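Working notes for the structure below.
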Amino acid sequence: MARPSPWMLNQDTYPYSVAVPPRYADLDPMGHINNVAIASMFETGRVNFHQQLQTHPREQGVRWLVAAVAINYLEEMHMPDDITIASGLRRIGNRSWTISSAAFQNGECCATCETVMVVQGGGEDRGMVTDELRTRMRPFFVAAPEGDES
């Protein structure tokens with residue numbers, strides 16, 4: 001995987017962030033936070049990010065599913081300092097959206113993550129990103145340069 005674009009390495013690019021404390025169980029034998037734990041931290045960030053949208057229609061049988069995840073590990077992370085997972089929307093389609101995230105420790109970007117989410121289920125808008133969801137998502141776009149698809 002190519003090195004991420006410079007904008008992805010800047011925490012101010014992302015409209016939402018959450019601090020995730022590392023656990024002792026997250027360490028590998030070398031004393032670094034292991035890659036599986038980092039993936040879990042991105043998951044925590046994604047779940048918290050989605051809660052900000054306040055519009056998941058579970059009661060209508062709609063599910064938001066992860067279709068793809070790509071993580072780029074850039075630097076080692078260590079205990080005890082918190083990991084800040086910063087997130088924002090990159091793209092919204094008719095049936096899916098892409099979340100760009102980055103993990104920061106002590107102000108340094110240590111990993112990036114791109115997650116594609118898809119909609120499944122529901123009534124007449126089955127599998128579609130509704131207008132209500134699209135409206136709630138608008139304030140959460142990342143501040144990426146125009147035309148940057150990296």
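Residue numbering restarts at 1 in every chain; chains get A, B, ... in the order shown in the structure tokens, and ligands count up from 1 in that same order.
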
Please identify all polymer residues within 7 Å of region 93-95 of chain A, counting only C-alpha atoms, omitting same-chain residues fewer than 5 positions from it, and present them as a VMD selection string.
chain A and resid 118 to 119 127 to 129

Residue subset to file, keeping N, CA and C atoms, as a compact mmCIF listing (two decimals), in the first residue's frame:
```txt
# COMPACT_ATOMS: atom_id res chain seq x y z
N VAL A 118 -21.87 -0.63 3.82
CA VAL A 118 -23.01 -0.82 2.93
C VAL A 118 -24.29 -0.93 3.75
N VAL A 119 -25.40 -0.58 3.12
CA VAL A 119 -26.72 -0.67 3.74
C VAL A 119 -27.38 -1.97 3.29
N GLY A 127 -31.65 -1.20 1.09
CA GLY A 127 -30.26 -1.15 0.67
C GLY A 127 -29.81 0.19 0.13
N MET A 128 -30.54 1.25 0.38
CA MET A 128 -30.18 2.56 -0.15
C MET A 128 -29.80 3.51 1.00
N VAL A 129 -28.90 4.44 0.71
CA VAL A 129 -28.60 5.51 1.64
C VAL A 129 -29.75 6.50 1.52
```

I'd like the contact shell of region 133-147 of chain A - 9 Å cut-off, only C-alpha atoms, skipping same-chain residues fewer than 3 positions apart - returned as a PDB file with N, CA and C atoms, in the first residue's frame.
```pdb
ATOM      1  N   TRP A   7      -2.684  15.003   3.629  1.00  0.00           N
ATOM      2  CA  TRP A   7      -3.874  15.448   4.358  1.00  0.00           C
ATOM      3  C   TRP A   7      -4.366  14.380   5.322  1.00  0.00           C
ATOM      4  N   MET A   8      -4.153  13.099   4.993  1.00  0.00           N
ATOM      5  CA  MET A   8      -4.624  12.012   5.850  1.00  0.00           C
ATOM      6  C   MET A   8      -3.836  11.933   7.160  1.00  0.00           C
ATOM      7  N   ASP A  12      -6.372  17.526  12.139  1.00  0.00           N
ATOM      8  CA  ASP A  12      -7.362  18.588  11.930  1.00  0.00           C
ATOM      9  C   ASP A  12      -8.221  18.356  10.685  1.00  0.00           C
ATOM     10  N   THR A  13      -7.833  17.429   9.829  1.00  0.00           N
ATOM     11  CA  THR A  13      -8.584  17.081   8.624  1.00  0.00           C
ATOM     12  C   THR A  13      -9.915  16.416   8.963  1.00  0.00           C
ATOM     13  N   TYR A  14      -9.961  15.769  10.093  1.00  0.00           N
ATOM     14  CA  TYR A  14     -11.094  14.912  10.446  1.00  0.00           C
ATOM     15  C   TYR A  14     -12.067  15.638  11.375  1.00  0.00           C
ATOM     16  N   PRO A  15     -13.373  15.556  11.100  1.00  0.00           N
ATOM     17  CA  PRO A  15     -14.347  16.281  11.912  1.00  0.00           C
ATOM     18  C   PRO A  15     -14.712  15.615  13.238  1.00  0.00           C
ATOM     19  N   TYR A  16     -14.300  14.366  13.436  1.00  0.00           N
ATOM     20  CA  TYR A  16     -14.676  13.662  14.659  1.00  0.00           C
ATOM     21  C   TYR A  16     -13.465  12.895  15.183  1.00  0.00           C
ATOM     22  N   GLN A  52     -22.697   9.313  16.214  1.00  0.00           N
ATOM     23  CA  GLN A  52     -22.889  10.756  16.031  1.00  0.00           C
ATOM     24  C   GLN A  52     -23.971  11.059  14.990  1.00  0.00           C
ATOM     25  N   LEU A  53     -24.212  10.127  14.080  1.00  0.00           N
ATOM     26  CA  LEU A  53     -25.213  10.344  13.025  1.00  0.00           C
ATOM     27  C   LEU A  53     -26.636  10.251  13.566  1.00  0.00           C
ATOM     28  N   GLN A  54     -26.831   9.558  14.670  1.00  0.00           N
ATOM     29  CA  GLN A  54     -28.121   9.448  15.369  1.00  0.00           C
ATOM     30  C   GLN A  54     -29.279   9.106  14.443  1.00  0.00           C
ATOM     31  N   THR A  55     -29.072   8.182  13.526  1.00  0.00           N
ATOM     32  CA  THR A  55     -30.155   7.870  12.601  1.00  0.00           C
ATOM     33  C   THR A  55     -30.163   6.428  12.107  1.00  0.00           C
ATOM     34  N   HIS A  56     -29.540   5.518  12.821  1.00  0.00           N
ATOM     35  CA  HIS A  56     -29.518   4.130  12.359  1.00  0.00           C
ATOM     36  C   HIS A  56     -30.881   3.485  12.587  1.00  0.00           C
ATOM     37  N   SER A  87     -11.914  10.492  12.537  1.00  0.00           N
ATOM     38  CA  SER A  87     -12.683   9.939  11.420  1.00  0.00           C
ATOM     39  C   SER A  87     -13.509  10.993  10.711  1.00  0.00           C
ATOM     40  N   GLY A  88     -13.798  10.693   9.456  1.00  0.00           N
ATOM     41  CA  GLY A  88     -14.695  11.529   8.661  1.00  0.00           C
ATOM     42  C   GLY A  88     -15.107  10.782   7.409  1.00  0.00           C
ATOM     43  N   LEU A  89     -16.128  11.265   6.780  1.00  0.00           N
ATOM     44  CA  LEU A  89     -16.623  10.642   5.558  1.00  0.00           C
ATOM     45  C   LEU A  89     -15.802  11.079   4.360  1.00  0.00           C
ATOM     46  N   ARG A  90     -15.551  10.166   3.492  1.00  0.00           N
ATOM     47  CA  ARG A  90     -14.794  10.427   2.271  1.00  0.00           C
ATOM     48  C   ARG A  90     -15.711  10.465   1.057  1.00  0.00           C
ATOM     49  N   ARG A  91     -16.727   9.571   1.076  1.00  0.00           N
ATOM     50  CA  ARG A  91     -17.614   9.454  -0.070  1.00  0.00           C
ATOM     51  C   ARG A  91     -18.947   8.878   0.397  1.00  0.00           C
ATOM     52  N   ILE A  92     -20.035   9.346  -0.226  1.00  0.00           N
ATOM     53  CA  ILE A  92     -21.350   8.748  -0.014  1.00  0.00           C
ATOM     54  C   ILE A  92     -21.892   8.364  -1.380  1.00  0.00           C
ATOM     55  N   ILE A  99     -15.532   5.689   5.034  1.00  0.00           N
ATOM     56  CA  ILE A  99     -15.033   6.433   6.187  1.00  0.00           C
ATOM     57  C   ILE A  99     -13.504   6.417   6.130  1.00  0.00           C
ATOM     58  N   SER A 100     -12.904   7.588   6.206  1.00  0.00           N
ATOM     59  CA  SER A 100     -11.452   7.705   6.350  1.00  0.00           C
ATOM     60  C   SER A 100     -11.162   7.945   7.823  1.00  0.00           C
ATOM     61  N   VAL A 129     -28.900   4.435   0.707  1.00  0.00           N
ATOM     62  CA  VAL A 129     -28.596   5.511   1.645  1.00  0.00           C
ATOM     63  C   VAL A 129     -29.749   6.500   1.520  1.00  0.00           C
ATOM     64  N   THR A 130     -30.513   6.665   2.586  1.00  0.00           N
ATOM     65  CA  THR A 130     -31.687   7.534   2.539  1.00  0.00           C
ATOM     66  C   THR A 130     -31.289   9.011   2.527  1.00  0.00           C
TER      67      THR A 130
END
```

Could you pull out the strand (DSSP E or B) residues of region 6-48 of chain A from DSSP and send them as number ranges by chain?
A: 16-20, 27, 33

Please dump the current selection as a short mmCIF file (atom, residue, chain, number, x, y, z; two decimals), in the first residue's frame; keep C-alpha atoms.
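So selection-v3.cif came out as:
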```cif
data_model
loop_
_atom_site.label_atom_id
_atom_site.label_comp_id
_atom_site.auth_asym_id
_atom_site.auth_seq_id
_atom_site.Cartn_x
_atom_site.Cartn_y
_atom_site.Cartn_z
CA TYR A 16 -14.68 13.66 14.66
CA SER A 17 -12.27 12.02 17.08
CA VAL A 18 -12.36 9.76 20.12
CA ALA A 19 -9.59 8.75 22.54
CA VAL A 20 -9.06 5.00 22.95
CA LEU A 27 0.81 -5.38 23.48
CA ILE A 33 0.49 -2.21 20.39
#
```

Which neighbours of Tyr73 (chain A) fall inside 7 Å, counting only C-alpha atoms, when residues of the same chain fewer than 5 positions from it are skipped, and could you give them as a PyMOL selection string?
chain A and resi 110-112

Atoms kept (C-alpha atoms) for selection, written as a compact mmCIF listing (two decimals), in the first residue's frame:
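File produced: selection06.txt:
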```txt
# COMPACT_ATOMS: atom_id res chain seq x y z
CA CYS A 110 0.63 6.09 13.29
CA ALA A 111 -1.94 4.37 11.03
CA THR A 112 -4.69 5.15 8.55
```

Taking 2 positions as the minimum chain separation for residues in the same chain, which residues sit within 12 Å of Ile71 (chain A) when counting only C-alpha atoms? Answer as an mmCIF file with N, CA and C atoms, in the first residue's frame.
```cif
data_model
loop_
_atom_site.group_PDB
_atom_site.id
_atom_site.type_symbol
_atom_site.label_atom_id
_atom_site.label_comp_id
_atom_site.auth_asym_id
_atom_site.auth_seq_id
_atom_site.Cartn_x
_atom_site.Cartn_y
_atom_site.Cartn_z
ATOM 1 N N MET A 1 0.845 -1.171 0.000
ATOM 2 C CA MET A 1 0.000 0.000 0.000
ATOM 3 C C MET A 1 0.893 1.237 0.000
ATOM 4 N N ALA A 2 0.557 2.186 -0.815
ATOM 5 C CA ALA A 2 1.330 3.434 -0.900
ATOM 6 C C ALA A 2 1.136 4.278 0.357
ATOM 7 N N ARG A 3 2.118 5.111 0.625
ATOM 8 C CA ARG A 3 2.017 6.023 1.771
ATOM 9 C C ARG A 3 0.804 6.929 1.565
ATOM 10 N N PRO A 4 0.033 7.183 2.600
ATOM 11 C CA PRO A 4 -1.170 8.022 2.476
ATOM 12 C C PRO A 4 -0.826 9.461 2.082
ATOM 13 N N ASN A 35 -1.064 -5.136 15.752
ATOM 14 C CA ASN A 35 -1.910 -4.716 14.634
ATOM 15 C C ASN A 35 -3.376 -5.098 14.804
ATOM 16 N N VAL A 36 -3.637 -6.245 15.414
ATOM 17 C CA VAL A 36 -5.026 -6.650 15.643
ATOM 18 C C VAL A 36 -5.695 -5.678 16.611
ATOM 19 N N ILE A 38 -4.909 -2.541 16.986
ATOM 20 C CA ILE A 38 -5.113 -1.284 16.258
ATOM 21 C C ILE A 38 -6.369 -1.381 15.399
ATOM 22 N N ALA A 39 -6.584 -2.519 14.756
ATOM 23 C CA ALA A 39 -7.812 -2.717 13.976
ATOM 24 C C ALA A 39 -9.043 -2.592 14.873
ATOM 25 N N SER A 40 -8.957 -3.126 16.079
ATOM 26 C CA SER A 40 -10.059 -3.023 17.033
ATOM 27 C C SER A 40 -10.289 -1.572 17.460
ATOM 28 N N MET A 41 -9.204 -0.806 17.606
ATOM 29 C CA MET A 41 -9.334 0.613 17.957
ATOM 30 C C MET A 41 -10.019 1.384 16.824
ATOM 31 N N PHE A 42 -9.693 1.055 15.581
ATOM 32 C CA PHE A 42 -10.394 1.678 14.455
ATOM 33 C C PHE A 42 -11.884 1.308 14.485
ATOM 34 N N GLU A 43 -12.187 0.070 14.857
ATOM 35 C CA GLU A 43 -13.585 -0.351 14.981
ATOM 36 C C GLU A 43 -14.307 0.486 16.043
ATOM 37 N N ALA A 68 -15.503 -3.543 3.369
ATOM 38 C CA ALA A 68 -14.055 -3.601 3.151
ATOM 39 C C ALA A 68 -13.346 -2.715 4.162
ATOM 40 N N VAL A 69 -12.160 -3.143 4.560
ATOM 41 C CA VAL A 69 -11.303 -2.365 5.463
ATOM 42 C C VAL A 69 -9.870 -2.461 4.941
ATOM 43 N N TYR A 73 -0.308 0.692 8.320
ATOM 44 C CA TYR A 73 0.434 0.887 9.562
ATOM 45 C C TYR A 73 1.683 1.710 9.251
ATOM 46 N N LEU A 74 1.826 2.859 9.910
ATOM 47 C CA LEU A 74 2.909 3.794 9.594
ATOM 48 C C LEU A 74 4.000 3.847 10.655
ATOM 49 N N ILE A 99 -15.532 5.689 5.034
ATOM 50 C CA ILE A 99 -15.033 6.433 6.187
ATOM 51 C C ILE A 99 -13.504 6.417 6.130
ATOM 52 N N SER A 100 -12.904 7.588 6.206
ATOM 53 C CA SER A 100 -11.452 7.705 6.350
ATOM 54 C C SER A 100 -11.162 7.945 7.823
ATOM 55 N N SER A 101 -10.192 7.210 8.344
ATOM 56 C CA SER A 101 -9.807 7.353 9.748
ATOM 57 C C SER A 101 -8.285 7.334 9.854
ATOM 58 N N ALA A 102 -7.804 7.878 10.957
ATOM 59 C CA ALA A 102 -6.383 7.828 11.252
ATOM 60 C C ALA A 102 -6.199 7.684 12.754
ATOM 61 N N ALA A 103 -5.153 6.963 13.137
ATOM 62 C CA ALA A 103 -4.822 6.770 14.550
ATOM 63 C C ALA A 103 -3.628 7.660 14.879
ATOM 64 N N CYS A 110 -0.031 7.389 13.235
ATOM 65 C CA CYS A 110 0.629 6.087 13.289
ATOM 66 C C CYS A 110 -0.015 5.057 12.371
ATOM 67 N N ALA A 111 -1.255 5.302 11.934
ATOM 68 C CA ALA A 111 -1.942 4.370 11.034
ATOM 69 C C ALA A 111 -3.124 5.091 10.397
ATOM 70 N N THR A 112 -3.490 4.640 9.202
ATOM 71 C CA THR A 112 -4.694 5.145 8.545
ATOM 72 C C THR A 112 -5.593 3.967 8.206
ATOM 73 N N CYS A 113 -6.869 4.251 8.007
ATOM 74 C CA CYS A 113 -7.844 3.196 7.738
ATOM 75 C C CYS A 113 -8.936 3.736 6.816
ATOM 76 N N GLU A 114 -9.260 2.962 5.812
ATOM 77 C CA GLU A 114 -10.392 3.267 4.940
ATOM 78 C C GLU A 114 -11.401 2.130 5.108
ATOM 79 N N THR A 115 -12.651 2.470 5.416
ATOM 80 C CA THR A 115 -13.699 1.473 5.620
ATOM 81 C C THR A 115 -14.869 1.772 4.704
ATOM 82 N N VAL A 116 -15.293 0.778 3.946
ATOM 83 C CA VAL A 116 -16.478 0.905 3.101
ATOM 84 C C VAL A 116 -17.636 0.249 3.834
#
```

Residue nearest Arg23 (chain A) among A:Gly107, A:Gly45, A:Gly121, A:Pro80 (counting only C-alpha atoms)
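Between A:Gly107, A:Gly45, A:Gly121, A:Pro80, the residue approaching Arg23 (chain A) most closely is A:Pro80.
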
Could you pull out all residues of chain A with a DSSP call of alpha helix (DSSP H) and give them as JSON, numbers by chain?
{"A": [35, 36, 37, 38, 39, 40, 41, 42, 43, 44, 45, 46, 47, 48, 49, 50, 51, 52, 53, 131, 132, 133, 134, 135, 136, 137]}

Spatial neighbours of Tyr24 (chain A), max dist 12 Å, only C-alpha atoms, sep filter under 2 positions, as a PyMOL selection string
chain A and resi 21-22+26-29+31-34+37+78-81

In Å, how far is it from CA of Asn106 (chain A) to CA of Gln11 (chain A)?
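That distance, rounded to one decimal, is 11.1 Å.
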
In Å to one decimal, how far is CA of His50 (chain A) from CA of Met77 (chain A)?
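Here the two named atoms are 24.9 Å from each other.
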
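Using only C-alpha atoms, the shortest contact distance between Gln120 (chain A) and any of A:Ala86, A:Met30, A:Trp64, A:Asn10 is found at A:Trp64.
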
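Across the structure, CA of Ala70 (chain A) and CA of Ile83 (chain A) are spaced 18.4 Å apart.
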
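Compared by their closest atoms to Val47 (chain A), and using only C-alpha atoms, the residues A:Trp97, A:Pro6, A:Ile85, A:Asn72 rank with A:Ile85 nearest.
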